[in-house]
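What follows is a set of notes on a single structure, which appears directly below.
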Amino acid sequence: MKARHICAVIGIAAAVGAVVFTQSLMATNDHQAVAAAAKLLKALPVEKGARCARLQLDFRPEGRVLQGPPMLASLATVSKSERALKADEALVTKALFVQRRVKNLPEVGEELMLVGRKGAYTVKIAGYLDWSRPVRGYPNMFVSPETAAKIAEDWTDWKNPSAEELAPLFRSDASRNMDRSKPMLLWAAALTALCLLLNSLLLSVESRRRELAVLRMIGMTRGGIVRLVAREALVLTFSGLTVGVIAALAALRVYVACDADTFPMGMAVGKLGIGVSIVVAPFVALLGVLFALRDALSVKPLEAASNRPPRRRPLGMLIAFACGFGAFVAVEVWGTSLTKPFIPSKEWPDAIVSILPGGVSSFDIELLGKLEGVERIHELQPLQVNFDPLEEMKGFKAKAMDAGGRPMRGKSYRNALLLASDYLPPFNFAAGERESAFKAIMSGDSCIITEMMARARKLKLGDKLKLDCGRGLKVALDIVGIVDLNWHMVTSRGLVRGMNRMPPNTDGPVFVSFDTLAACDARPQEFVHMTHLWLDYKPDFLAKHGVFPAGRLVEREIVQALGGAYREDRDGEIRGNTVRLHARDEIADGTLSHSNDLVGAMARVPYIFLVVISLGFIAQLVASAEARRREFAVLRAVGATVWQMSRVLVAEALKISVVALVFGTPLGALAGWLFTSGTRAAMANWGLPACFDIPLVLIAEGALGAILIALLVAVPVSLIIIRRSCRR
């Protein structure tokens with residue numbers, strides 16, 4: 001078999017193998033679900049009649065407030081255990097911290113802060129239970145009934161699920177990340193197979209031009225040429241398909257056998273992956289044939305008398321490498337362009353402080369008037385209110401179990417997040433004017449909305465924002481200003497949304513006065529407290545300490561200033577709060593870091609296939625050496641060394657890769673922008689702005705890596721080709 005055929009078969013096999021292996025690994029993980037659930041029930045049995053509750057865990061590794069959604073602790077009571085639990089002690093599973101990838105677990109004896117709807121509580125770690133796989137809704141912390149009695153939250157009876165009922169939670173957890181990358185994997189695999197097949201067909205047509213000319217001269221029709229090219233394409237495609245499926249299943253069998261504890265039920269074959277590969281393979285072959293036919297049908301019968309060597313045809317390899325690198329660029333552009341609307345606007349105040357769960361009174365806030373390093377501090381009161389008429393939020397309903405082992409139910413509606421304050425930061429106004437808009441919201445039932453909400457709900461200056469506040473209360477607010485503001489991460493990380501049993505999803509903040517918010521709040525006012533603040537640092541204080549230390553210093557000052565400022569419940573009991581400061585720039589850094597991790601993981605898929613595509617340089621260099629046979633013979637005769645002749649081939653590979661990168665970068669950027677537009681259209685309810693951002697540094701690093709890959713293939717292959725040629 002020719003080098004071009006071997007490269008094409010290996011490349012197609014690698015593409016198919018990646019799809020089949022990934023899909024089969026997902027099926028294998030799902031196959032273990034019932035066994036894994038049974039193992040969980042055996043390792044962490046919950047006593048019959050146990051009581052359960054779910055609370056937030058205010059855990060701060062190295063003193064930092066965790067970015068992202070709050071950690072959730074699912075508590076269950078236990079009356080008997082190998083180690084008797086004292087008051088305010090808890091047995092904790094490792095899974096509690098694995099859910100947020102906490103590397104250094106807190107020591108036994110350390111205290112954990114739990115935050116419920118009614119108060120904040122502390123428990124001491126009495127020991128760890130050896131279970132490290134997070135399962136939503138299943139208990140990951142065990143306390144005594146006496147400790148549970150001190151945690152005055154809504155406790156429910158635990159209903160013991162069977163292994164079959166728990167199994168779906170293991171399936172969704174095991175396959176979630178693979179499901180996210182599956183469409184890209186299929187697309188990248190098909191593109192890789194097509195590129196290597198096309199490269200092989202173009203090189204094959206050029207190397208067989210004289211043969212094809214002879215066939216045309218003795219009577220073969222153009223249809224015969226088409227059948228000849230199509231036959232070669234189909235043989236290569238299905239050979240690669242067969243090799244890829246067999247290799248993937250063999251690799252999975254070895255992988256499963258080496259980790260029998262994780263896969264007690266053995267491997268399962270992902271029939272969907274094999275089926276998709278079989279269905280897509282003919283289309284890949286057809287596209288390859290269509291691209292190659294132009295050259296094949298251009299062969300003339302008179303070329304049968306020509307003795308010229310085949311021409312160098314780098315077009316196939318250039319297209320292949322450009323497509324591979326373009327796919328990488330597309331992912332990076334897509335990721336950075338989508339991330340940009342989630343980076344908090346600099347116009348937001350420096351930090352949001354949450355005092356949860358109950359908040360404090362306005363009189364307590366007066367104790368914070370003189371904080372070191374704080375230039376201004378203001379009360380910020382949030383309230384989520386549904387739109388009028390009600391619009392059900394699609395796809396929001398949770399399918400996990402609640403803390404009592406029952407499916408979570410209930411409808412969620414699209415809503416606005418009202419933010420009341422006596423201070424309006426210097427936002428950029430897209431419509432309206434800041435001073436007049438602020439006066440309007442302070443003096444009447446008016447509001448300022450964001451451009452995102454205006455886009456999502458087709459609102460404009462002067463329109464009415466209609467709200468359904470519940471309990472029969474409906475209001476309409478005049479829109480007196482529209483601000484250009486990225487708010488998603490600030491409101492989420494600041495724990496501003498998702499309160500009062502409202503969903504964490506919202507169409508965005510709406511800035512109002514305290515009086516307007518009170519008019520929209522159906523709760524009795526005597527039970528409403530101040531739960532949030534926003535503040536700005538003094539510039540010299542921030543420059544001296546930096547964002548993270550400054551936040552911790554100010555947070556400590558707030559806690560000390562509030563002192564015993566706890567609230568009293570209707571039943572006369574005193575409940576504690578937890579104070580958390582969320583710095584805007586820390587949130588921005590966390591958002592970028594998370595985005596880089598996610599996009600980087602997705603970008604590895606096309607980059608891995610770029611490595612596979614680089615195998616095409618082998619066939620390209622073999623064909624190039626054949627075309628330069630006479631040139632190399634002359635060079636050898638005049639004393640050229642093997643390395644000197646090899647450099648000719650290496651230079652050609654380098655030129656192809658550089659030109660491919662030049663063409664692939666703009667094409668990839670265009671594809672990334674199209675993907676961004678499609679994703680943004682699918683997220684239209686959020687009103688995200690259309691951002692186009694090209695990460696030049698990441699693309700430059702990727703380009704250098706791609707050139708290095710090309711050289712790693714070209715240098716040894718060129719040396720081997722020239723040495724074999726010299727021996728002949």
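By convention in this document, the chains of the structure tokens carry letters A, B, ... by their order, each chain's residues are numbered from 1, and ligands are numbered from 1 in the order they are shown.
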
Self-check item: helix (DSSP H, G or I) call set, DSSP backbone run, segment 11-204 of chain A, as a PyMOL selection string
Solution: chain A and resi 11-31+33-43+61-63+95-98+145-150+163-204

Might you pull out every residue within 7 Å of segment 234-251 of chain A, with only C-alpha atoms counted and same-chain residues fewer than 4 positions away left off, and present them as a short mmCIF file (atom, residue, chain, number, x, y, z; two decimals) with C-alpha atoms, in the first residue's frame?
data_model
loop_
_atom_site.label_atom_id
_atom_site.label_comp_id
_atom_site.auth_asym_id
_atom_site.auth_seq_id
_atom_site.Cartn_x
_atom_site.Cartn_y
_atom_site.Cartn_z
CA HIS A 5 -3.07 5.35 1.38
CA ALA A 8 -5.36 8.33 4.85
CA VAL A 9 -6.41 5.06 6.50
CA ILE A 10 -4.61 5.93 9.76
CA ILE A 12 -9.65 8.23 9.15
CA ALA A 13 -9.17 5.45 11.72
CA ALA A 14 -8.02 7.99 14.32
CA VAL A 16 -13.50 7.30 13.81
CA GLY A 17 -11.71 5.78 16.79
CA VAL A 20 -16.36 5.42 18.91
CA PHE A 21 -14.10 5.38 21.96
CA ALA A 230 -14.90 6.88 -6.10
CA TYR A 255 -8.82 0.68 29.64
CA ALA A 281 -18.48 7.79 6.17
CA ALA A 285 -16.07 9.81 0.76
#

Quiz item: Could you name the residues that touch Ala651 of chain A at 9 Å or less, counting only C-alpha atoms, but leaving out those on the same chain fewer than 5 positions away, as a ChimeraX atom specification?
Solution: /A:646,656,714

Write out as an mmCIF file with C-alpha atoms, in the first residue's frame the residues lying within 8 Å of His488 of chain A, counting only C-alpha atoms and excluding same-chain residues fewer than 2 positions away.
data_model
loop_
_atom_site.group_PDB
_atom_site.id
_atom_site.type_symbol
_atom_site.label_atom_id
_atom_site.label_comp_id
_atom_site.auth_asym_id
_atom_site.auth_seq_id
_atom_site.Cartn_x
_atom_site.Cartn_y
_atom_site.Cartn_z
ATOM 1 C CA PHE A 342 -19.946 37.981 31.106
ATOM 2 C CA PRO A 344 -18.326 42.592 34.774
ATOM 3 C CA ASN A 486 -22.453 43.412 31.748
ATOM 4 C CA VAL A 490 -21.609 40.159 39.421
ATOM 5 C CA THR A 491 -25.184 39.377 40.432
ATOM 6 C CA SER A 492 -24.584 35.637 40.506
ATOM 7 C CA GLY A 508 -31.330 41.169 34.474
#

Quiz item: Running DSSP on the backbone, which parts of segment 298-479 of chain A land in strand (DSSP E), as a ChimeraX atom specification?
Solution: /A:351-356,374-387,415-420,428-431,446-450,464-470,473-479
